[in-house]
Amino acid sequence: MDIFERIAANRGPLGSHSHYAHGYFTFPKLEGEIKPRMIFRGKEVLTWSLNNYLGLANHPEVRKADADAAAEFGMALPMGARIMSGNSNYHEQLEKELAEFIQKDDVLLLNFGYQGVVSIIDSLVSRHDVIVYDAESHACIIDGVRLHQGKRFVFPHNDMAGLEKQLERAKRIVDETGGGILVITEGAFGMSGNQGDLKSIVALKQKWNFRLFVDDAHGFGTMGATGAGTGEEQGVQDGIDLYFSTFAKSMASIGAFVGGPEPVIEYLRYNMRSQIFAKSLPMPLVVGALKRLELLRSQPELKENLWTIVRALQAGLREKGFNIGTTSTPVTPVLLNGEIPDATALTFDLRENYGIFCSIVVYPVVPKGVIMLRLIPTAVHTLADVDQTIAAFEAIAAKLDKGLYSKQPATA
């Protein structure tokens with residue numbers, strides 16, 4: 001069959017719904033400044049779907065730093081890949097400051113988070129090595145693992161017995177190949193809000209002799225005494241061999257970084273194809289990231305404000321009987337029972353009649369019969385926002401229990 005004919009006949013699991021979902025349930029347009037209340041299809045909504053954890057997206061010092069850097073440098077400088085012509089003192093300064101903050105020897109600045117994780121995995125392992133990874137790992141980890149030409153094993157989410165079983169299998173292989181073992185997990189899982197059991201994983205390192213790579217996209221800036229991440233939160237930052245995070249969450253920008261031992265970071269600097277063959281991160285993004293990191297270090301009240309909202313939201317939902325799983329991070333999933341028609345009608349009602357905008361997650365991301373409404377609290381939400389949201393959730397849950405959404409499916 002012709003490639004394009006096949007695509008026209010099968011749009012994929014998400015694309016198959018695009019005829020009614022596009023512009024409302026998928027690819028919605030939130031307009032106005034990034035803040036808790038934005039405009040959706042002409043109406044103001046209270047939004048819980050933006051990863052602006054520390055509220056830095058519209059912080060006045062951040063806006064000024066971004067604007068001043070854009071005026072001084074433009075968006076093109078530096079021109080070219082860093083290895084050829086795109087390096088600068090600012091890029092190196094940001095790497096140095098990030099390394100100090102996350103307590104690692106060295107850091108490599110990356111253009112994008114998703115692309116960065118895929119390329120880190122691709123660069124690190126050879127066909128002689130074995131990868132062992134958590135079953136609930138983010139798609140960027142899964143895609144990186146798929147590129148691996150050697151063996152890979154998955155262990156059930158946060159299941160240490162399952163991890164040891166796979167490590168035993170991995171060891172038998174590397175004893176023959178002469179390779180090594182790379183364990184990959186997340187610090188804060190972006191759907192469930194669970195923390196990866198880093199403390200237990202680190203405790204297994206001496207017995208099984210592996211290296212640990214942690215994607216802490218949702219933990220950087222939100223977890224730990226200083227905001228250095230989930231490793232700091234669990235007291236095992238030193239046990240993380242490679243620590244990754246993106247600027248797209250707490251830093252409210254674009255870019256990413258990976259930190260670890262100097263020889264390993266230097267190896268990645270000269271071997272990561274996604275960085276060697278890509279244009280350097282533009283100067284305004286680098287200078288803006290320096291300002292964001294400065295505020296993260298100097299204004300602990302940002303994280304404190306975030307956690308005030310997190311605790312109020314999660315405690316309030318639990319008190320009203322909502323199932324929010326076992327989250328121990330700001331990520332707040334609300335799990336309801338229902339099918340996809342219920343989910344679409346419920347979401348429509350929540351947005352149009354209660355003015356609440358949050359992300360909706362259905363099968364195949366969660367099991368059939370489960371609706372997940374995913375809330376992302378931020379430092380710029382208020383306790384009044386929390387009260388309004390919980391009241392709205394009580395109302396839609398009551399309708400769902402009565403089967404009203406199944407009887408009256410809504411379309412955008």
# chains A, B, ... in the order shown; residues from 1 in each chain; ligands from 1

call {"tool": "closest_atom_pairs", "arguments": {"of": "segment 152-179 of chain A", "to": "segment 111-133 of chain A", "cutoff": "8 Å", "atoms": "only C-alpha atoms", "output": "Markdown table"}}
result
| residue | atom | partner | partner_atom | distance |
| --- | --- | --- | --- | --- |
| A:Arg152 | CA | A:Ile131 | CA | 4.5 |
| A:Phe153 | CA | A:Val132 | CA | 4.8 |
| A:Val154 | CA | A:Tyr133 | CA | 4.9 |
| A:Phe155 | CA | A:Tyr133 | CA | 6.2 |
| A:Leu163 | CA | A:Val132 | CA | 7.7 |
| A:Gln166 | CA | A:Val132 | CA | 6.9 |
| A:Leu167 | CA | A:Val132 | CA | 7.2 |
| A:Ala170 | CA | A:Val130 | CA | 6.0 |
| A:Ile173 | CA | A:Val130 | CA | 7.7 |
| A:Val174 | CA | A:Asp129 | CA | 6.5 |
| A:Thr177 | CA | A:His128 | CA | 5.4 |
| A:Gly178 | CA | A:His128 | CA | 6.7 |
| A:Gly179 | CA | A:Asp129 | CA | 4.5 |

call {"tool": "residues_around", "arguments": {"residues": "segment 220-233 of chain A", "least_positions_apart": "5", "cutoff": "7 Å", "atoms": "only C-alpha atoms", "output": "mmCIF file with N, CA and C atoms, in the first residue's frame"}}
result
data_model
loop_
_atom_site.group_PDB
_atom_site.id
_atom_site.type_symbol
_atom_site.label_atom_id
_atom_site.label_comp_id
_atom_site.auth_asym_id
_atom_site.auth_seq_id
_atom_site.Cartn_x
_atom_site.Cartn_y
_atom_site.Cartn_z
ATOM 1 N N PHE A 101 24.298 23.817 41.373
ATOM 2 C CA PHE A 101 22.983 23.747 42.006
ATOM 3 C C PHE A 101 22.529 22.308 42.227
ATOM 4 N N ILE A 102 22.779 21.429 41.250
ATOM 5 C CA ILE A 102 22.320 20.038 41.385
ATOM 6 C C ILE A 102 23.408 19.141 41.979
ATOM 7 N N GLY A 187 12.321 10.886 38.469
ATOM 8 C CA GLY A 187 12.286 11.378 39.833
ATOM 9 C C GLY A 187 10.857 11.605 40.288
ATOM 10 N N ALA A 188 10.110 12.384 39.500
ATOM 11 C CA ALA A 188 8.694 12.634 39.754
ATOM 12 C C ALA A 188 7.941 12.251 38.487
ATOM 13 N N LEU A 198 13.921 6.296 44.314
ATOM 14 C CA LEU A 198 15.353 6.466 44.058
ATOM 15 C C LEU A 198 16.205 5.930 45.201
ATOM 16 N N SER A 245 17.083 17.191 33.565
ATOM 17 C CA SER A 245 15.826 17.921 33.687
ATOM 18 C C SER A 245 15.677 18.869 32.499
ATOM 19 N N SER A 250 9.542 23.919 35.720
ATOM 20 C CA SER A 250 9.754 24.971 36.719
ATOM 21 C C SER A 250 10.414 26.223 36.138
ATOM 22 N N LEU A 296 15.225 30.909 41.330
ATOM 23 C CA LEU A 296 14.964 29.640 41.986
ATOM 24 C C LEU A 296 15.815 29.497 43.249
ATOM 25 N N LYS A 303 8.830 28.260 45.789
ATOM 26 C CA LYS A 303 8.522 26.845 46.045
ATOM 27 C C LYS A 303 7.575 26.711 47.240
#

call {"tool": "atom_distance", "arguments": {"atom1": "atom CA of Arg37 of chain A", "atom2": "atom CA of Leu285 of chain A"}}
result
25.3 Å

call {"tool": "residues_around", "arguments": {"residues": "Met160 of chain A", "least_positions_apart": "2", "cutoff": "8 Å", "atoms": "only C-alpha atoms", "output": "list in words"}}
result
Asn158, Gly162, Leu163, Glu164, Ser200 and Ile201 of chain A

call {"tool": "write_last_selection", "arguments": {"atoms": "N, CA and C atoms", "output": "mmCIF file, in the first residue's frame"}}
result
data_model
loop_
_atom_site.group_PDB
_atom_site.id
_atom_site.type_symbol
_atom_site.label_atom_id
_atom_site.label_comp_id
_atom_site.auth_asym_id
_atom_site.auth_seq_id
_atom_site.Cartn_x
_atom_site.Cartn_y
_atom_site.Cartn_z
ATOM 1 N N ASN A 158 8.126 1.118 40.152
ATOM 2 C CA ASN A 158 8.603 1.226 41.534
ATOM 3 C C ASN A 158 8.635 -0.112 42.276
ATOM 4 N N GLY A 162 10.798 -6.586 41.339
ATOM 5 C CA GLY A 162 10.795 -6.705 39.881
ATOM 6 C C GLY A 162 12.078 -6.162 39.269
ATOM 7 N N LEU A 163 12.585 -5.065 39.835
ATOM 8 C CA LEU A 163 13.842 -4.509 39.345
ATOM 9 C C LEU A 163 14.982 -5.496 39.549
ATOM 10 N N GLU A 164 15.047 -6.089 40.729
ATOM 11 C CA GLU A 164 16.132 -7.051 40.994
ATOM 12 C C GLU A 164 16.046 -8.266 40.063
ATOM 13 N N SER A 200 15.671 3.407 47.206
ATOM 14 C CA SER A 200 15.801 1.953 47.138
ATOM 15 C C SER A 200 16.646 1.517 45.946
ATOM 16 N N ILE A 201 16.488 2.227 44.821
ATOM 17 C CA ILE A 201 17.280 1.885 43.633
ATOM 18 C C ILE A 201 18.758 2.120 43.892
#

call {"tool": "residues_around", "arguments": {"residues": "segment 24-35 of chain A", "least_positions_apart": "2", "cutoff": "7 Å", "atoms": "only C-alpha atoms", "output": "ChimeraX atom specification"}}
result
/A:21-22,37-40,57-58,412

call {"tool": "residues_around", "arguments": {"residues": "segment 305-311 of chain A", "least_positions_apart": "3", "cutoff": "8 Å", "atoms": "only C-alpha atoms", "output": "number ranges by chain"}}
result
A: 53-54, 222, 301-302, 314-315, 330, 377-383, 386

call {"tool": "closest_residue", "arguments": {"among": "A:Ser298, A:Asn52, A:Asn353, A:Thr347", "to": "Phe247 of chain A", "atoms": "only C-alpha atoms"}}
result
A:Asn52

call {"tool": "residues_around", "arguments": {"residues": "Gln275 of chain A", "least_positions_apart": "3", "cutoff": "8 Å", "atoms": "only C-alpha atoms", "output": "number ranges by chain"}}
result
A: 81-82, 110-111, 269, 272, 278-280

call {"tool": "write_last_selection", "arguments": {"atoms": "N, CA, C and O atoms", "output": "mmCIF file, in the first residue's frame"}}
result
data_model
loop_
_atom_site.group_PDB
_atom_site.id
_atom_site.type_symbol
_atom_site.label_atom_id
_atom_site.label_comp_id
_atom_site.auth_asym_id
_atom_site.auth_seq_id
_atom_site.Cartn_x
_atom_site.Cartn_y
_atom_site.Cartn_z
ATOM 1 N N ALA A 81 26.046 25.120 15.378
ATOM 2 C CA ALA A 81 26.129 24.175 16.479
ATOM 3 C C ALA A 81 27.224 24.607 17.441
ATOM 4 O O ALA A 81 28.217 25.219 17.043
ATOM 5 N N ARG A 82 27.080 24.267 18.710
ATOM 6 C CA ARG A 82 28.063 24.707 19.713
ATOM 7 C C ARG A 82 29.452 24.175 19.414
ATOM 8 O O ARG A 82 30.446 24.870 19.635
ATOM 9 N N LEU A 110 21.321 21.341 26.829
ATOM 10 C CA LEU A 110 20.666 20.669 25.701
ATOM 11 C C LEU A 110 19.600 21.580 25.103
ATOM 12 O O LEU A 110 19.011 22.408 25.795
ATOM 13 N N ASN A 111 19.335 21.381 23.819
ATOM 14 C CA ASN A 111 18.356 22.234 23.150
ATOM 15 C C ASN A 111 16.918 21.937 23.565
ATOM 16 O O ASN A 111 16.109 22.847 23.717
ATOM 17 N N ARG A 269 29.195 15.552 25.462
ATOM 18 C CA ARG A 269 29.405 16.815 24.751
ATOM 19 C C ARG A 269 29.965 16.573 23.348
ATOM 20 O O ARG A 269 29.642 17.301 22.396
ATOM 21 N N MET A 272 26.928 13.362 21.506
ATOM 22 C CA MET A 272 25.472 13.433 21.371
ATOM 23 C C MET A 272 25.108 14.032 20.021
ATOM 24 O O MET A 272 25.249 15.235 19.797
ATOM 25 N N ALA A 278 23.014 20.140 15.692
ATOM 26 C CA ALA A 278 21.873 21.052 15.841
ATOM 27 C C ALA A 278 22.364 22.435 16.254
ATOM 28 O O ALA A 278 23.392 22.581 16.919
ATOM 29 N N LYS A 279 21.615 23.446 15.870
ATOM 30 C CA LYS A 279 21.976 24.818 16.218
ATOM 31 C C LYS A 279 21.964 25.025 17.725
ATOM 32 O O LYS A 279 21.147 24.466 18.442
ATOM 33 N N SER A 280 22.866 25.837 18.193
ATOM 34 C CA SER A 280 22.981 26.149 19.614
ATOM 35 C C SER A 280 21.723 26.824 20.140
ATOM 36 O O SER A 280 21.006 27.512 19.405
#

call {"tool": "select_by_dssp", "arguments": {"residues": "segment 188-349 of chain A", "states": "strand (DSSP E or B)", "output": "ChimeraX atom specification"}}
result
/A:188,195,211-215,242-246,256-260,323,332-337

call {"tool": "residues_around", "arguments": {"residues": "Thr332 of chain A", "least_positions_apart": "6", "cutoff": "9 Å", "atoms": "only C-alpha atoms", "output": "PyMOL selection string"}}
result
chain A and resi 191-193+310+313-314+324-325+373-377

call {"tool": "atom_distance", "arguments": {"atom1": "atom CA of Ala67 of chain A", "atom2": "atom CA of Thr47 of chain A"}}
result
25.6 Å
